[in-house]
file query_16.txt (compact mmCIF, C-alpha atoms and all ligand atoms)
# COMPACT_ATOMS: atom_id res chain seq x y z
CA MET A 13 5.24 -17.51 -12.61
CA ASN A 14 6.95 -20.92 -12.29
CA LYS A 15 7.25 -21.42 -16.03
CA TYR A 16 9.23 -18.17 -16.28
CA ARG A 17 11.68 -19.01 -13.51
CA GLY A 18 15.24 -18.96 -14.89
CA LYS A 19 14.12 -17.72 -18.34
CA THR A 20 16.27 -14.60 -17.99
CA ASN A 21 19.41 -13.66 -16.09
CA SER A 22 17.56 -12.11 -13.17
CA LYS A 23 14.61 -12.92 -10.93
CA ALA A 24 13.23 -9.45 -11.58
CA ASP A 25 13.18 -9.99 -15.35
CA ASP A 26 11.52 -13.40 -14.89
CA ILE A 27 8.76 -11.73 -12.89
CA LEU A 28 8.29 -8.96 -15.45
CA LEU A 29 8.08 -11.60 -18.20
CA ALA A 30 5.26 -13.30 -16.29
CA LEU A 31 3.64 -9.92 -15.76
CA ASP A 32 3.73 -9.18 -19.51
CA GLU A 33 1.65 -12.31 -20.08
CA THR A 34 -0.89 -11.29 -17.44
CA LEU A 35 -1.11 -7.74 -18.78
CA ALA A 36 -1.72 -9.09 -22.30
CA ILE A 37 -4.79 -10.92 -20.93
CA PHE A 38 -6.00 -7.74 -19.19
CA LYS A 39 -5.58 -5.85 -22.44
CA GLU A 40 -7.65 -8.42 -24.36
CA GLU A 41 -10.38 -8.04 -21.73
CA ASN A 42 -10.15 -4.23 -21.95
CA TYR A 43 -9.14 -3.79 -18.30
CA GLU A 44 -7.68 -0.33 -17.94
CA LYS A 45 -7.71 0.46 -14.25
CA ILE A 46 -4.65 -1.49 -13.22
CA VAL A 47 -2.39 -1.28 -10.14
CA LEU A 48 0.68 -3.51 -10.15
CA SER A 49 1.72 -5.40 -7.02
CA LEU A 50 5.03 -7.25 -7.49
CA LYS A 51 5.91 -8.26 -3.97
CA SER A 52 8.90 -10.38 -3.03
CA SER A 53 10.11 -11.65 0.33
CA ASN A 54 13.68 -10.51 -0.41
CA PRO A 55 14.41 -6.77 0.07
CA ALA A 56 17.16 -6.68 -2.60
CA ASP A 57 14.93 -8.41 -5.19
CA LEU A 58 12.10 -6.04 -4.36
CA LYS A 59 14.21 -3.00 -5.24
CA GLU A 60 15.25 -4.40 -8.62
CA ILE A 61 11.73 -5.60 -9.51
CA TYR A 62 10.05 -2.29 -8.72
CA GLU A 63 12.76 -0.12 -10.28
CA LYS A 64 12.39 -2.05 -13.54
CA ALA A 65 8.59 -2.03 -13.38
CA TYR A 66 8.64 1.74 -12.76
CA GLN A 67 10.66 2.25 -15.92
CA LYS A 68 8.65 -0.19 -18.02
CA TYR A 69 4.94 0.23 -17.17
CA PRO A 70 2.61 3.24 -16.98
CA TYR A 71 0.59 1.77 -14.08
CA PRO A 72 0.57 2.78 -10.39
CA LEU A 73 2.68 0.51 -8.18
CA HIS A 74 1.59 -1.04 -4.88
CA LEU A 75 4.69 -1.52 -2.70
CA GLY A 76 5.35 -4.04 0.03
CA LEU A 77 7.58 -6.87 1.11
CA THR A 78 5.66 -10.09 1.58
CA GLU A 79 6.15 -12.74 4.29
CA SER A 80 8.38 -10.37 6.23
CA GLY A 81 7.57 -11.79 9.67
CA PHE A 82 6.60 -9.96 12.83
CA GLY A 83 7.94 -7.37 15.25
CA THR A 84 11.41 -5.99 14.73
CA LEU A 85 12.32 -8.69 12.18
CA GLY A 86 9.39 -7.91 9.90
CA THR A 87 9.66 -4.15 10.27
CA ILE A 88 13.41 -4.04 9.50
CA LYS A 89 13.07 -6.31 6.47
CA SER A 90 10.13 -4.32 5.14
CA ALA A 91 11.89 -1.01 5.71
CA LEU A 92 15.03 -2.23 3.93
CA GLY A 93 12.95 -3.25 0.93
CA VAL A 94 10.51 -0.38 0.72
CA PHE A 95 12.40 2.69 1.94
CA PRO A 96 14.90 2.95 -0.97
CA LEU A 97 11.99 2.79 -3.43
CA LEU A 98 9.95 5.41 -1.58
CA ASN A 99 13.06 7.57 -1.47
CA GLU A 100 13.36 7.35 -5.27
CA GLY A 101 9.75 8.46 -5.63
CA ILE A 102 8.60 4.96 -6.64
CA GLY A 103 5.33 3.59 -5.26
CA ASP A 104 1.73 4.80 -5.14
CA THR A 105 0.21 2.63 -2.43
CA LEU A 106 1.91 0.78 0.41
CA ARG A 107 1.41 -2.05 2.85
CA ILE A 108 3.92 -3.19 5.43
CA SER A 109 2.76 -6.80 5.81
CA LEU A 110 3.49 -7.96 9.33
CA ALA A 111 2.32 -11.09 11.12
CA ASP A 112 1.44 -8.71 13.91
CA ASP A 113 -1.14 -6.23 15.18
CA ARG A 114 -2.52 -4.27 12.20
CA VAL A 115 -1.93 -1.04 14.12
CA GLU A 116 1.82 -1.75 13.92
CA GLU A 117 1.52 -2.17 10.14
CA ILE A 118 -0.04 1.26 9.82
CA ARG A 119 2.48 2.88 12.17
CA SER A 120 5.33 1.37 10.17
CA CYS A 121 3.83 2.67 6.90
CA LYS A 122 3.36 6.16 8.32
CA THR A 123 6.89 6.27 9.72
CA LEU A 124 8.42 5.18 6.41
CA LEU A 125 6.36 7.69 4.45
CA ARG A 126 7.48 10.48 6.76
CA LEU A 127 11.15 9.47 6.74
CA ALA A 128 11.18 9.17 2.95
CA GLY A 129 9.66 12.64 2.67
CA ARG A 130 6.55 11.30 0.94
CA ARG A 131 4.14 12.65 3.61
CA ASN A 132 4.66 15.76 5.71
CA ASP A 133 1.58 15.36 7.93
CA ILE A 134 2.81 12.43 10.02
CA PRO A 135 3.97 13.29 13.58
CA ASN A 136 7.53 12.47 14.55
CA MET A 137 8.01 10.92 17.98
CA ILE A 138 11.31 10.97 19.86
CA VAL A 139 11.66 8.66 22.86
CA CYS A 140 14.82 8.59 24.94
CA PRO A 141 16.52 5.19 25.19
CA THR A 142 16.55 5.39 29.05
CA CYS A 143 19.66 5.15 31.19
CA GLY A 144 20.68 5.31 34.85
CA ARG A 145 19.11 8.80 35.11
CA THR A 146 15.63 7.70 34.03
CA LEU A 147 13.01 8.87 36.52
CA ILE A 148 9.84 7.34 35.08
CA ASP A 149 8.50 4.15 33.60
CA LEU A 150 8.92 5.46 30.07
CA LYS A 151 7.23 2.72 28.07
CA PRO A 152 3.59 3.04 29.22
CA ILE A 153 3.45 6.82 28.83
CA SER A 154 5.24 6.65 25.46
CA ARG A 155 2.73 4.08 24.24
CA GLU A 156 -0.17 6.23 25.48
CA ILE A 157 1.14 9.26 23.60
CA LEU A 158 1.87 7.19 20.50
CA ALA A 159 -1.74 5.94 20.49
CA HIS A 160 -2.91 9.57 20.61
CA LEU A 161 -0.59 10.50 17.73
CA ASP A 162 -2.12 7.73 15.60
CA HIS A 163 -5.01 10.17 15.06
CA VAL A 164 -2.93 13.31 14.47
CA PHE A 165 -2.02 14.41 10.97
CA LYS A 166 0.46 17.25 11.40
CA ASP A 167 4.16 17.88 10.95
CA VAL A 168 4.87 18.02 14.67
CA THR A 169 7.70 16.49 16.72
CA ILE A 170 6.96 15.19 20.21
CA ALA A 171 9.60 14.04 22.70
CA VAL A 172 9.13 11.70 25.65
CA MET A 173 12.21 11.83 27.87
CA GLY A 174 13.23 9.98 31.00
CA CYS A 175 14.69 12.91 32.95
CA PRO A 176 14.24 16.69 32.91
CA VAL A 177 17.76 18.13 32.78
CA ASN A 178 19.30 16.12 29.97
CA GLY A 179 15.91 15.40 28.42
CA ILE A 180 15.10 19.00 27.54
CA GLY A 181 18.52 19.55 25.99
CA GLU A 182 18.56 16.29 24.07
CA ALA A 183 15.09 17.04 22.71
CA LYS A 184 15.54 20.77 22.17
CA ASP A 185 14.36 20.53 18.56
CA ALA A 186 11.08 18.89 19.55
CA ASP A 187 8.01 21.11 19.24
CA PHE A 188 6.65 19.73 22.51
CA GLY A 189 7.99 17.32 25.09
CA ILE A 190 7.24 15.60 28.34
CA ALA A 191 9.84 14.34 30.81
CA GLY A 192 9.99 12.58 34.15
CA SER A 193 10.42 15.01 37.04
CA GLY A 194 11.57 12.76 39.83
CA THR A 195 8.28 13.10 41.73
CA LYS A 196 5.87 10.20 41.26
CA ASP A 197 3.18 10.93 38.64
CA VAL A 198 4.44 14.48 38.09
CA TYR A 199 5.81 15.38 34.66
CA LEU A 200 7.65 18.31 33.16
CA LEU A 201 6.29 19.76 29.93
CA PHE A 202 8.58 21.67 27.60
CA THR A 203 8.62 23.27 24.18
CA LYS A 204 11.66 23.84 21.95
CA GLY A 205 14.06 23.34 24.87
CA GLN A 206 12.14 25.63 27.26
CA PRO A 207 10.31 24.30 30.36
CA LEU A 208 6.58 25.00 30.66
CA GLY A 209 6.01 23.68 34.17
CA LEU A 210 5.31 20.61 36.28
CA PHE A 211 1.95 18.86 36.08
CA GLU A 212 0.32 15.70 37.33
CA LYS A 213 0.01 13.04 34.69
CA GLU A 214 -3.56 13.62 33.46
CA GLU A 215 -3.10 17.39 33.36
CA ALA A 216 0.29 17.05 31.65
CA LEU A 217 -1.16 14.81 28.95
CA GLY A 218 -4.21 17.04 28.54
CA LYS A 219 -2.01 20.11 28.05
CA LEU A 220 0.29 18.23 25.69
CA TYR A 221 -2.61 17.09 23.52
CA GLN A 222 -4.11 20.57 23.53
CA MET A 223 -0.80 22.10 22.39
CA ILE A 224 -0.60 19.53 19.60
CA GLU A 225 -4.18 20.34 18.61
CA GLU A 226 -3.45 24.06 18.46
CA PHE A 227 -0.10 23.65 16.72
S1 LIG B 1 16.90 11.88 28.56
FE1 LIG B 1 17.70 11.47 30.63
S2 LIG B 1 16.94 9.41 31.08
FE2 LIG B 1 16.80 9.65 28.85
S3 LIG B 1 18.73 8.85 28.03
FE3 LIG B 1 18.98 11.06 28.29
S4 LIG B 1 19.92 11.26 30.32
FE4 LIG B 1 19.03 9.19 30.23

call {"tool": "encode", "arguments": {"input": "query_16.txt", "output": "C-alpha cells"}}
result
Amino acid sequence: MNKYRGKTNSKADDILLALDETLAIFKEENYEKIVLSLKSSNPADLKEIYEKAYQKYPYPLHLGLTESGFGTLGTIKSALGVFPLLNEGIGDTLRISLADDRVEEIRSCKTLLRLAGRRNDIPNMIVCPTCGRTLIDLKPISREILAHLDHVFKDVTIAVMGCPVNGIGEAKDADFGIAGSGTKDVYLLFTKGQPLGLFEKEEALGKLYQMIEEF
C-alpha cells in the first residue's frame, strides 16, 4: 500500500489502486471466491473507500473499522464508520473490532444491523436512564436480560424500567417490560403499556422469558 500513498487525490483512490494490483495477482492465479476487506481507522475514510469499492468491484464487501479502541470510544467510532454504509445497503459481512470482550463486538454488530434495517430478527432493548424515581438497581437486571436476549432471534422490543408509573407509559410501545415496584425483589411485568402483575424476581424473569419465547 505504501507505494501508492499520495498517488491520487484521495486516500480512498490510493487504496483502490493498491487493491487493483492485488486483484490482478488473484486473477492470474484464477482465484474467484473473493471477499474484499478495506478497513480504515478513520470513519470518514471508511465511507469513501467502501462507497467507491461498491461501485467498482463485483465482490462481496466485509465491513469494519479497524483499531477503533474499546468500550464507548470504539463502539461510537465503529458505528459512525459502518452505519452509513449499512444504511446504503453496502456490506455483506461485518465485524465491529473492539479491544474488548468479544460478546460486546457481537452485540454492537447486531444492534447496528437492526438499526440499519438489515436484520429484523434482532431484539430491541429499551433501558430507562434512571432518575430520582428509580426503585431498583437497574444495571444488574438489565445485564441479565440482555444476556438472555443474546440467544433470541426475533423482532421483539423489551423494556427494563426503573419505576412502575412512569416506566409503563414511557415504554408503552415495548412488547414486554419489567419495572421496579418499590418492594425489594418484586417486579412489575407489563405488555404494551398494560400491567400484568407483580412477581418476585425469578418468577418475573421466568414469565418474561416465556412470553418472549411464545411471541
Ligand atoms: S422510568 Fe421511572 S425511574 Fe426510569 S427514568 Fe423514567 S421516571 Fe425515572

call {"tool": "atom_distance", "arguments": {"input": "query_16.txt", "atom1": "atom S2 of ligand LIG 1 (chain B)", "atom2": "CA of Phe211 in chain A"}}
result
18.4 Å

call {"tool": "closest_atom_pairs", "arguments": {"input": "query_16.txt", "of": "chain A", "to": "ligand LIG 1 (chain B)", "cutoff": "6 Å", "atoms": "all atoms listed in the file", "output": "tab-separated table"}}
result
residue	atom	partner	partner_atom	distance
A:Cys140	CA	B:LIG1	FE2	4.5
A:Pro141	CA	B:LIG1	S3	5.1
A:Thr142	CA	B:LIG1	S3	4.2
A:Cys143	CA	B:LIG1	FE4	4.2
A:Arg145	CA	B:LIG1	S2	4.6
A:Thr146	CA	B:LIG1	S2	3.7
A:Met173	CA	B:LIG1	S1	4.7
A:Gly174	CA	B:LIG1	S2	3.8
A:Cys175	CA	B:LIG1	FE1	4.1
A:Asn178	CA	B:LIG1	S4	4.9
A:Gly179	CA	B:LIG1	S1	3.7

call {"tool": "write_last_selection", "arguments": {"input": "query_16.txt", "atoms": "C-alpha atoms", "output": "mmCIF file, in the frame of the given file"}}
result
data_model
loop_
_atom_site.group_PDB
_atom_site.id
_atom_site.type_symbol
_atom_site.label_atom_id
_atom_site.label_comp_id
_atom_site.auth_asym_id
_atom_site.auth_seq_id
_atom_site.Cartn_x
_atom_site.Cartn_y
_atom_site.Cartn_z
ATOM 1 C CA CYS A 140 14.820 8.590 24.940
ATOM 2 C CA PRO A 141 16.520 5.190 25.190
ATOM 3 C CA THR A 142 16.550 5.390 29.050
ATOM 4 C CA CYS A 143 19.660 5.150 31.190
ATOM 5 C CA ARG A 145 19.110 8.800 35.110
ATOM 6 C CA THR A 146 15.630 7.700 34.030
ATOM 7 C CA MET A 173 12.210 11.830 27.870
ATOM 8 C CA GLY A 174 13.230 9.980 31.000
ATOM 9 C CA CYS A 175 14.690 12.910 32.950
ATOM 10 C CA ASN A 178 19.300 16.120 29.970
ATOM 11 C CA GLY A 179 15.910 15.400 28.420
#

call {"tool": "closest_residue", "arguments": {"input": "query_16.txt", "among": "A:Lys68, A:Lys15, A:Arg119, A:Lys213", "to": "Ala191 in chain A", "atoms": "all atoms listed in the file"}}
result
A:Lys213

call {"tool": "atom_distance", "arguments": {"input": "query_16.txt", "atom1": "CA of Leu217 in chain A", "atom2": "CA of Gly181 in chain A"}}
result
20.5 Å

call {"tool": "atom_distance", "arguments": {"input": "query_16.txt", "atom1": "CA of Pro135 in chain A", "atom2": "CA of Ile170 in chain A"}}
result
7.5 Å

call {"tool": "residues_around", "arguments": {"input": "query_16.txt", "residues": "range 201-204 of chain A", "least_positions_apart": "4", "cutoff": "6 Å", "atoms": "only C-alpha atoms", "output": "ChimeraX atom specification"}}
result
/A:184-190,208-209

call {"tool": "closest_residue", "arguments": {"input": "query_16.txt", "among": "A:Leu98, A:Ile61, A:Leu92, A:Ile224", "to": "His163 in chain A", "atoms": "only C-alpha atoms"}}
result
A:Ile224

call {"tool": "residues_around", "arguments": {"input": "query_16.txt", "residues": "Ile88 in chain A", "least_positions_apart": "6", "cutoff": "10 Å", "atoms": "all atoms listed in the file", "output": "PDB file with C-alpha atoms, in the coordinates of the input"}}
result
ATOM      1  CA  PRO A  55      14.410  -6.770   0.070  1.00  0.00           C
ATOM      2  CA  SER A  80       8.380 -10.370   6.230  1.00  0.00           C
ATOM      3  CA  GLY A  81       7.570 -11.790   9.670  1.00  0.00           C
ATOM      4  CA  PHE A  82       6.600  -9.960  12.830  1.00  0.00           C
ATOM      5  CA  VAL A  94      10.510  -0.380   0.720  1.00  0.00           C
ATOM      6  CA  SER A 120       5.330   1.370  10.170  1.00  0.00           C
TER       7      SER A 120
END

call {"tool": "residues_around", "arguments": {"input": "query_16.txt", "residues": "Ala159 in chain A", "least_positions_apart": "3", "cutoff": "12 Å", "atoms": "all atoms listed in the file", "output": "number ranges by chain"}}
result
A: 115-116, 118-119, 135, 137, 152-156, 162-164, 221

call {"tool": "residues_around", "arguments": {"input": "query_16.txt", "residues": "Leu77 in chain A", "least_positions_apart": "3", "cutoff": "6 Å", "atoms": "all atoms listed in the file", "output": "PyMOL selection string"}}
result
chain A and resi 51-53+90

call {"tool": "closest_residue", "arguments": {"input": "query_16.txt", "among": "A:Cys121, A:Ile148, A:Ile134, A:Leu73", "to": "Lys196 in chain A", "atoms": "only C-alpha atoms"}}
result
A:Ile148

call {"tool": "closest_residue", "arguments": {"input": "query_16.txt", "among": "A:Gly192, A:Pro70, A:Gly76, A:Pro96", "to": "Leu147 in chain A", "atoms": "all atoms listed in the file"}}
result
A:Gly192

call {"tool": "residues_near_point", "arguments": {"input": "query_16.txt", "point": "(17.8, -5.9, -8.3)", "cutoff": "12 Å", "atoms": "all atoms listed in the file", "output": "VMD selection string"}}
result
chain A and resid 21 to 27 52 54 to 65 93 96 to 97

call {"tool": "closest_residue", "arguments": {"input": "query_16.txt", "among": "A:Ala128, A:Ile108, A:Glu117, A:Leu220", "to": "Leu161 in chain A", "atoms": "only C-alpha atoms"}}
result
A:Leu220
